[in-house]
Amino acid sequence: EVQKHSVHTLVFRSLKRTHDMFVADNAKPIPLDEESHKVKMAVKLRTEYGSVLHMPTLKENLREKGGPNTGDPYGHKQYSGNQGQEVDYVVTGTHPYPPGPGVALTADTKVQRMPSESAAQSLAVALPASQSRLDANRTAAGVGDIYRHERSQTPGMSMAMVEAGGNKSSALMPKKAPTMPKPQWHPPWKLYRVISGHLGWVRCIAVEPGNQWFVTGSADRTIKIWDLASGKLKLSLTGHISTVRGVIVSARSPYLFSCGEDKQVKCWDLEYNKVIRHYHGHLSAVYGLDLHPTIDVLVTCSRDSTARIWDVRTKASVHTLSGHTNAVATVKCQAAEPQIITGSHDTTIRLWDLVAGKTRVTLTNHKKSVRAVVLHPRHYTFASGSPDNIKQWKFPDGNFIQNLSGHNAIINTLAVNSDGVLVSGADNGTMHLWDWRTGYNFQRVHAAVQPGSLDSESGIFACVFDQSESRLLTAEADKTIKVYKEDDTATEETHPVSWKPEIIKRKRF
């Protein structure tokens with residue numbers, strides 16, 4: 001007992017000596033209890049708020065500090081995520097960042113958050129040179145350019161110096177108000193085929209690159225392959241144990257990828273019609289997936305608030321894209337930067353750096369869940385769908401272009417073709433068709449439900465153009481696939497554009 005007491009005494013004296021030396025070196029003494037309080041607060045901060053400590057902060061003067069870069073055709077700050085440099089992440093928008101603690105990953109899954117260095121390096125090597133960034137000025141002049149031109153001008157009356165009798169005097173000259181450009185005429189689309197066969201809601205649809213057949217996934221847990229020309233069923237694939245929420249056919253290999261509410265992501269070999277790979281890692285239902293167009297990378301998004309990047313061949317999880325605070329409803333890939341775009345129920349859209357696996361820009365303009373994102377096939381722009389509005393954006397920094405207002409419903413899906421026809425499908429069974437450049441709504445469709453179905457089963461979950469862009473396919477809640485095509489008999493005289501050169505009104509974000 002005496003020996004133990006003497007050891008404790010020595011330890012206490014040593015600690016007191018260290019504390020006294022620290023007090024002597026600093027003008028203001030810090031009590032021992034305050035130091036322990038700081039340690040406790042640090043531990044509390046890390047354990048209780050660790051999942052949201054990664055949230056990026058708004059850099060007010062990011063572009064002013066960086067200055068325009070001559071290598072960027074848009075004049076924005078160049079982003080070099082794959083060069084190992086420190087990057088400023090940006091949050092833009094008009095609504096506050098959504099609250100929420102995120103999803104706390106377990107000890108088993110935390111290991112998978114950071115990829116191995118070899119996986120990240122192999123991904124960086126596989127990426128092609130960013131030639132698409134050099135070709136980024138493909139975007140046609142649209143109504144968004146008129147908005148920006150209008151904002152750059154002084155409102156009201158412009159001052160003009162007029163010479164009269166040799167003396168310079170100022171005169172007020174009215175500025176001509178900008179007008180909405182005339183939208184391009186598009187023929188209306190009409191229903192010409194209804195395909196039945198599923199026993200549940202048809203949740204997803206994709207057309208194969210050869211344009212010979214298409215594939216659908218349903219709440220009946222099956223994947224069905226249909227002949228595109230005749231609409232006849234060719235094959236049914238079973239393997240999922242819950243609703244199939246996403247399907248996509250690879251253009252680089254004979255593979256079909258599917259995901260569902262059973263947390264599973266499957267790779268099907270279409271030569272043998274069986275599953276050859278599973279991609280394990282998501283903690284909840286997988287809502288969507290997409291393939292990178294130039295490298296063998298699969299991206300999936302889930303209700304667990306994350307998106308994951310997979311190596312198709314090795315099944316390895318290269319990155320876990322964490323940052324959203326609610327379910328990630330949609331994900332899209334492109335060869336240009338940013339290469340991954342996600343939309344979430346937390347009302348935000350995130351543009352991601354594929355190599356670093358981090359958020360590049362967070363767009364907070366939407367007020368409600370973002371369930372659909374679509375990329376224009378020719379322009380360097382994209383659109384997002386939400387119950388509040390359809391919004392158009394410009395890459396690479398997600399600059400807002402314009403609102404497409406009028407489809408007042410829960411928008412589940414968007415599709416766009418090379419002619420500039422944007423299609424939005426909603427939960428109430430309505431489908432609106434828009435002119436991409438001007439945002440003019442030229443047609444509204446509400447197809448009747450399949451006989452025997454309830455009117456409440458009128459809903460469009462997915463839509464897609466075929467490879468020729470002459471047919472539009474929709475996956476619906478009445479268990480059918482509907483096929484639309486352009487009305488060949490329509491002309492500008494029979495279906496005129498009801499457009500007037502109205503003065504542009506400023507639209508709120």
# chains A, B, ... in the order shown; residues from 1 in each chain; ligands from 1
call {"tool": "closest_atom_pairs", "arguments": {"of": "stretch 222-293 of chain A", "to": "stretch 342-366 of chain A", "cutoff": "12 Å", "atoms": "only C-alpha atoms", "output": "JSON lines"}}
result
{"residue": "A:Tyr287", "atom": "CA", "partner": "A:Ser344", "partner_atom": "CA", "distance": 10.6}
{"residue": "A:Gly288", "atom": "CA", "partner": "A:Thr342", "partner_atom": "CA", "distance": 10.0}
{"residue": "A:Leu289", "atom": "CA", "partner": "A:Thr342", "partner_atom": "CA", "distance": 10.4}
{"residue": "A:Asp290", "atom": "CA", "partner": "A:Thr342", "partner_atom": "CA", "distance": 10.7}
{"residue": "A:His292", "atom": "CA", "partner": "A:Leu354", "partner_atom": "CA", "distance": 10.4}
call {"tool": "residues_around", "arguments": {"residues": "A:Thr491", "least_positions_apart": "6", "cutoff": "10 Å", "atoms": "only C-alpha atoms", "output": "list in words"}}
result
Trp185, His186, Pro187 and Pro188 of chain A
call {"tool": "residues_around", "arguments": {"residues": "A:Val299", "least_positions_apart": "5", "cutoff": "8 Å", "atoms": "only C-alpha atoms", "output": "PDB file with C-alpha atoms, in the first residue's frame"}}
result
ATOM      1  CA  LEU A 289     -27.207   3.318 -61.810  1.00  0.00           C
ATOM      2  CA  ASP A 290     -25.226   4.504 -64.820  1.00  0.00           C
ATOM      3  CA  LEU A 291     -22.148   3.457 -66.787  1.00  0.00           C
ATOM      4  CA  HIS A 292     -19.211   5.682 -67.616  1.00  0.00           C
ATOM      5  CA  ALA A 307     -23.329   6.915 -54.451  1.00  0.00           C
ATOM      6  CA  ARG A 308     -20.695   4.282 -55.146  1.00  0.00           C
ATOM      7  CA  ILE A 309     -18.176   3.894 -57.945  1.00  0.00           C
ATOM      8  CA  TRP A 310     -17.383   0.300 -58.902  1.00  0.00           C
ATOM      9  CA  VAL A 331     -27.045   9.492 -60.894  1.00  0.00           C
ATOM     10  CA  CYS A 333     -22.145   9.833 -65.888  1.00  0.00           C
TER      11      CYS A 333
END
call {"tool": "closest_residue", "arguments": {"among": "A:Asn412, A:Thr480, A:Asn417, A:Ser253", "to": "A:Gly385", "atoms": "only C-alpha atoms"}}
result
A:Asn412
call {"tool": "atom_distance", "arguments": {"atom1": "atom CA of A:Asp488", "atom2": "atom CA of A:Met431"}}
result
19.9 Å
call {"tool": "atom_distance", "arguments": {"atom1": "atom CA of A:Pro183", "atom2": "atom CA of A:Thr438"}}
result
5.8 Å
call {"tool": "closest_atom_pairs", "arguments": {"of": "stretch 383-496 of chain A", "to": "stretch 219-231 of chain A", "cutoff": "12 Å", "atoms": "only C-alpha atoms", "output": "Markdown table"}}
result
| residue | atom | partner | partner_atom | distance |
| --- | --- | --- | --- | --- |
| A:Phe461 | CA | A:Ala219 | CA | 11.4 |
| A:Phe465 | CA | A:Leu228 | CA | 11.6 |
| A:Asp466 | CA | A:Leu228 | CA | 8.8 |
| A:Gln467 | CA | A:Leu228 | CA | 10.8 |
| A:Ser468 | CA | A:Leu228 | CA | 11.6 |
| A:Ser470 | CA | A:Leu228 | CA | 11.9 |
| A:Arg471 | CA | A:Leu228 | CA | 9.7 |
| A:Leu472 | CA | A:Leu228 | CA | 11.1 |
| A:Leu473 | CA | A:Leu228 | CA | 9.9 |
| A:Ala475 | CA | A:Ala219 | CA | 11.5 |
| A:Glu476 | CA | A:Ala219 | CA | 11.0 |
| A:Ala477 | CA | A:Ala219 | CA | 9.6 |
| A:Asp478 | CA | A:Ala219 | CA | 11.4 |
| A:Lys479 | CA | A:Ala219 | CA | 9.0 |
| A:Thr480 | CA | A:Gly231 | CA | 11.4 |
| A:Ile481 | CA | A:Gly231 | CA | 9.4 |
| A:Lys482 | CA | A:Gly231 | CA | 10.0 |
| A:Val483 | CA | A:Gly231 | CA | 9.2 |
call {"tool": "select_by_dssp", "arguments": {"residues": "stretch 202-388 of chain A", "states": "strand (DSSP E)", "output": "PyMOL selection string"}}
result
chain A and resi 202-207+213-218+222-227+233-238+244-249+255-260+265-269+274-278+286-291+297-302+306-311+317-322+328-333+340-344+349-353+358-363+372-375+381-385
call {"tool": "closest_residue", "arguments": {"among": "A:Pro387, A:Pro293, A:Pro181, A:Gly420", "to": "A:Ala335", "atoms": "only C-alpha atoms"}}
result
A:Pro293
call {"tool": "closest_residue", "arguments": {"among": "A:Ala285, A:Ile410, A:Leu237, A:Ala206", "to": "A:Val464", "atoms": "only C-alpha atoms"}}
result
A:Ala206
call {"tool": "closest_residue", "arguments": {"among": "A:Phe442, A:Glu493, A:Thr430, A:Phe395", "to": "A:Thr474", "atoms": "only C-alpha atoms"}}
result
A:Thr430
call {"tool": "residues_around", "arguments": {"residues": "A:Thr306", "least_positions_apart": "3", "cutoff": "10 Å", "atoms": "only C-alpha atoms", "output": "PyMOL selection string"}}
result
chain A and resi 102-103+282-284+286+300-303+320-329+342+344
call {"tool": "write_last_selection", "arguments": {"atoms": "N, CA and C atoms", "output": "PDB file, in the first residue's frame"}}
result
ATOM      1  N   GLY A 102     -26.890  12.975 -41.706  1.00  0.00           N
ATOM      2  CA  GLY A 102     -26.360  11.997 -42.653  1.00  0.00           C
ATOM      3  C   GLY A 102     -26.592  10.585 -42.159  1.00  0.00           C
ATOM      4  N   VAL A 103     -25.909   9.639 -42.770  1.00  0.00           N
ATOM      5  CA  VAL A 103     -26.053   8.233 -42.396  1.00  0.00           C
ATOM      6  C   VAL A 103     -24.773   7.795 -41.710  1.00  0.00           C
ATOM      7  N   HIS A 282     -23.773  -1.346 -50.648  1.00  0.00           N
ATOM      8  CA  HIS A 282     -24.833  -0.409 -50.264  1.00  0.00           C
ATOM      9  C   HIS A 282     -25.582  -0.935 -49.036  1.00  0.00           C
ATOM     10  N   LEU A 283     -25.994  -0.003 -48.191  1.00  0.00           N
ATOM     11  CA  LEU A 283     -26.635  -0.358 -46.934  1.00  0.00           C
ATOM     12  C   LEU A 283     -28.158  -0.324 -47.023  1.00  0.00           C
ATOM     13  N   SER A 284     -28.702   0.110 -48.155  1.00  0.00           N
ATOM     14  CA  SER A 284     -30.148   0.195 -48.305  1.00  0.00           C
ATOM     15  C   SER A 284     -30.493   0.057 -49.790  1.00  0.00           C
ATOM     16  N   VAL A 286     -31.089   0.352 -53.638  1.00  0.00           N
ATOM     17  CA  VAL A 286     -30.322   1.026 -54.688  1.00  0.00           C
ATOM     18  C   VAL A 286     -31.319   1.569 -55.708  1.00  0.00           C
ATOM     19  N   THR A 300     -23.537   3.742 -58.879  1.00  0.00           N
ATOM     20  CA  THR A 300     -24.865   3.451 -58.348  1.00  0.00           C
ATOM     21  C   THR A 300     -25.203   4.465 -57.253  1.00  0.00           C
ATOM     22  N   CYS A 301     -26.514   4.687 -57.035  1.00  0.00           N
ATOM     23  CA  CYS A 301     -26.948   5.603 -55.978  1.00  0.00           C
ATOM     24  C   CYS A 301     -28.008   4.906 -55.138  1.00  0.00           C
ATOM     25  N   SER A 302     -28.108   5.301 -53.873  1.00  0.00           N
ATOM     26  CA  SER A 302     -28.885   4.499 -52.939  1.00  0.00           C
ATOM     27  C   SER A 302     -29.635   5.352 -51.922  1.00  0.00           C
ATOM     28  N   ARG A 303     -30.539   4.690 -51.235  1.00  0.00           N
ATOM     29  CA  ARG A 303     -31.271   5.316 -50.143  1.00  0.00           C
ATOM     30  C   ARG A 303     -30.375   5.523 -48.925  1.00  0.00           C
ATOM     31  N   THR A 320     -16.672   5.698 -52.346  1.00  0.00           N
ATOM     32  CA  THR A 320     -18.007   5.921 -51.799  1.00  0.00           C
ATOM     33  C   THR A 320     -18.222   7.423 -51.730  1.00  0.00           C
ATOM     34  N   LEU A 321     -19.151   7.931 -52.542  1.00  0.00           N
ATOM     35  CA  LEU A 321     -19.385   9.376 -52.627  1.00  0.00           C
ATOM     36  C   LEU A 321     -20.345   9.784 -51.518  1.00  0.00           C
ATOM     37  N   SER A 322     -19.799  10.286 -50.427  1.00  0.00           N
ATOM     38  CA  SER A 322     -20.592  10.686 -49.266  1.00  0.00           C
ATOM     39  C   SER A 322     -20.739  12.195 -49.238  1.00  0.00           C
ATOM     40  N   GLY A 323     -21.885  12.671 -48.791  1.00  0.00           N
ATOM     41  CA  GLY A 323     -22.117  14.106 -48.723  1.00  0.00           C
ATOM     42  C   GLY A 323     -23.593  14.442 -48.705  1.00  0.00           C
ATOM     43  N   HIS A 324     -24.390  13.702 -49.439  1.00  0.00           N
ATOM     44  CA  HIS A 324     -25.833  13.924 -49.397  1.00  0.00           C
ATOM     45  C   HIS A 324     -26.369  13.541 -48.016  1.00  0.00           C
ATOM     46  N   THR A 325     -27.435  14.211 -47.600  1.00  0.00           N
ATOM     47  CA  THR A 325     -28.011  13.956 -46.280  1.00  0.00           C
ATOM     48  C   THR A 325     -29.358  13.252 -46.358  1.00  0.00           C
ATOM     49  N   ASN A 326     -29.706  12.760 -47.540  1.00  0.00           N
ATOM     50  CA  ASN A 326     -30.927  11.979 -47.698  1.00  0.00           C
ATOM     51  C   ASN A 326     -30.708  11.057 -48.893  1.00  0.00           C
ATOM     52  N   ALA A 327     -31.713  10.277 -49.211  1.00  0.00           N
ATOM     53  CA  ALA A 327     -31.581   9.293 -50.287  1.00  0.00           C
ATOM     54  C   ALA A 327     -31.134   9.949 -51.593  1.00  0.00           C
ATOM     55  N   VAL A 328     -30.220   9.290 -52.303  1.00  0.00           N
ATOM     56  CA  VAL A 328     -29.776   9.756 -53.622  1.00  0.00           C
ATOM     57  C   VAL A 328     -30.658   9.061 -54.653  1.00  0.00           C
ATOM     58  N   ALA A 329     -31.451   9.854 -55.389  1.00  0.00           N
ATOM     59  CA  ALA A 329     -32.486   9.286 -56.252  1.00  0.00           C
ATOM     60  C   ALA A 329     -32.002   9.014 -57.664  1.00  0.00           C
ATOM     61  N   THR A 342     -25.261  13.807 -59.291  1.00  0.00           N
ATOM     62  CA  THR A 342     -26.263  13.119 -58.488  1.00  0.00           C
ATOM     63  C   THR A 342     -27.354  14.096 -58.062  1.00  0.00           C
ATOM     64  N   SER A 344     -30.695  14.344 -55.232  1.00  0.00           N
ATOM     65  CA  SER A 344     -31.058  13.695 -53.970  1.00  0.00           C
ATOM     66  C   SER A 344     -32.364  14.240 -53.401  1.00  0.00           C
TER      67      SER A 344
END
call {"tool": "decode", "arguments": {"residues": "stretch 267-316 of chain A", "atoms": "C-alpha atoms", "output": "PDB file, in the first residue's frame"}}
result
ATOM      1  CA  CYS A 267     -24.164  -7.826 -63.731  1.00  0.00           C
ATOM      2  CA  TRP A 268     -25.877 -10.151 -66.228  1.00  0.00           C
ATOM      3  CA  ASP A 269     -24.025 -11.870 -69.053  1.00  0.00           C
ATOM      4  CA  LEU A 270     -26.403 -11.644 -72.026  1.00  0.00           C
ATOM      5  CA  GLU A 271     -24.721 -14.533 -73.831  1.00  0.00           C
ATOM      6  CA  TYR A 272     -25.633 -16.933 -71.026  1.00  0.00           C
ATOM      7  CA  ASN A 273     -28.537 -14.937 -69.503  1.00  0.00           C
ATOM      8  CA  LYS A 274     -27.277 -15.320 -65.958  1.00  0.00           C
ATOM      9  CA  VAL A 275     -25.700 -13.219 -63.223  1.00  0.00           C
ATOM     10  CA  ILE A 276     -21.900 -13.256 -63.290  1.00  0.00           C
ATOM     11  CA  ARG A 277     -21.079 -10.499 -60.747  1.00  0.00           C
ATOM     12  CA  HIS A 278     -22.554  -8.918 -57.637  1.00  0.00           C
ATOM     13  CA  TYR A 279     -21.468  -5.532 -56.295  1.00  0.00           C
ATOM     14  CA  HIS A 280     -21.860  -5.537 -52.504  1.00  0.00           C
ATOM     15  CA  GLY A 281     -21.639  -2.456 -50.307  1.00  0.00           C
ATOM     16  CA  HIS A 282     -24.833  -0.409 -50.264  1.00  0.00           C
ATOM     17  CA  LEU A 283     -26.635  -0.358 -46.934  1.00  0.00           C
ATOM     18  CA  SER A 284     -30.148   0.195 -48.305  1.00  0.00           C
ATOM     19  CA  ALA A 285     -32.231   0.136 -51.500  1.00  0.00           C
ATOM     20  CA  VAL A 286     -30.322   1.026 -54.688  1.00  0.00           C
ATOM     21  CA  TYR A 287     -32.366   3.557 -56.666  1.00  0.00           C
ATOM     22  CA  GLY A 288     -30.357   4.083 -59.849  1.00  0.00           C
ATOM     23  CA  LEU A 289     -27.207   3.318 -61.810  1.00  0.00           C
ATOM     24  CA  ASP A 290     -25.226   4.504 -64.820  1.00  0.00           C
ATOM     25  CA  LEU A 291     -22.148   3.457 -66.787  1.00  0.00           C
ATOM     26  CA  HIS A 292     -19.211   5.682 -67.616  1.00  0.00           C
ATOM     27  CA  PRO A 293     -19.055   6.085 -71.423  1.00  0.00           C
ATOM     28  CA  THR A 294     -15.296   5.600 -71.854  1.00  0.00           C
ATOM     29  CA  ILE A 295     -13.986   3.451 -68.987  1.00  0.00           C
ATOM     30  CA  ASP A 296     -15.240   0.290 -67.264  1.00  0.00           C
ATOM     31  CA  VAL A 297     -16.764   2.047 -64.279  1.00  0.00           C
ATOM     32  CA  LEU A 298     -20.274   1.602 -62.838  1.00  0.00           C
ATOM     33  CA  VAL A 299     -21.898   4.225 -60.604  1.00  0.00           C
ATOM     34  CA  THR A 300     -24.865   3.451 -58.348  1.00  0.00           C
ATOM     35  CA  CYS A 301     -26.948   5.603 -55.978  1.00  0.00           C
ATOM     36  CA  SER A 302     -28.885   4.499 -52.939  1.00  0.00           C
ATOM     37  CA  ARG A 303     -31.271   5.316 -50.143  1.00  0.00           C
ATOM     38  CA  ASP A 304     -28.265   5.137 -47.785  1.00  0.00           C
ATOM     39  CA  SER A 305     -27.408   8.715 -48.911  1.00  0.00           C
ATOM     40  CA  THR A 306     -24.345   7.657 -50.892  1.00  0.00           C
ATOM     41  CA  ALA A 307     -23.329   6.915 -54.451  1.00  0.00           C
ATOM     42  CA  ARG A 308     -20.695   4.282 -55.146  1.00  0.00           C
ATOM     43  CA  ILE A 309     -18.176   3.894 -57.945  1.00  0.00           C
ATOM     44  CA  TRP A 310     -17.383   0.300 -58.902  1.00  0.00           C
ATOM     45  CA  ASP A 311     -14.735  -1.267 -61.081  1.00  0.00           C
ATOM     46  CA  VAL A 312     -16.870  -3.381 -63.425  1.00  0.00           C
ATOM     47  CA  ARG A 313     -14.331  -6.181 -63.811  1.00  0.00           C
ATOM     48  CA  THR A 314     -12.930  -6.559 -60.274  1.00  0.00           C
ATOM     49  CA  LYS A 315     -16.172  -5.676 -58.420  1.00  0.00           C
ATOM     50  CA  ALA A 316     -14.069  -3.376 -56.218  1.00  0.00           C
TER      51      ALA A 316
END
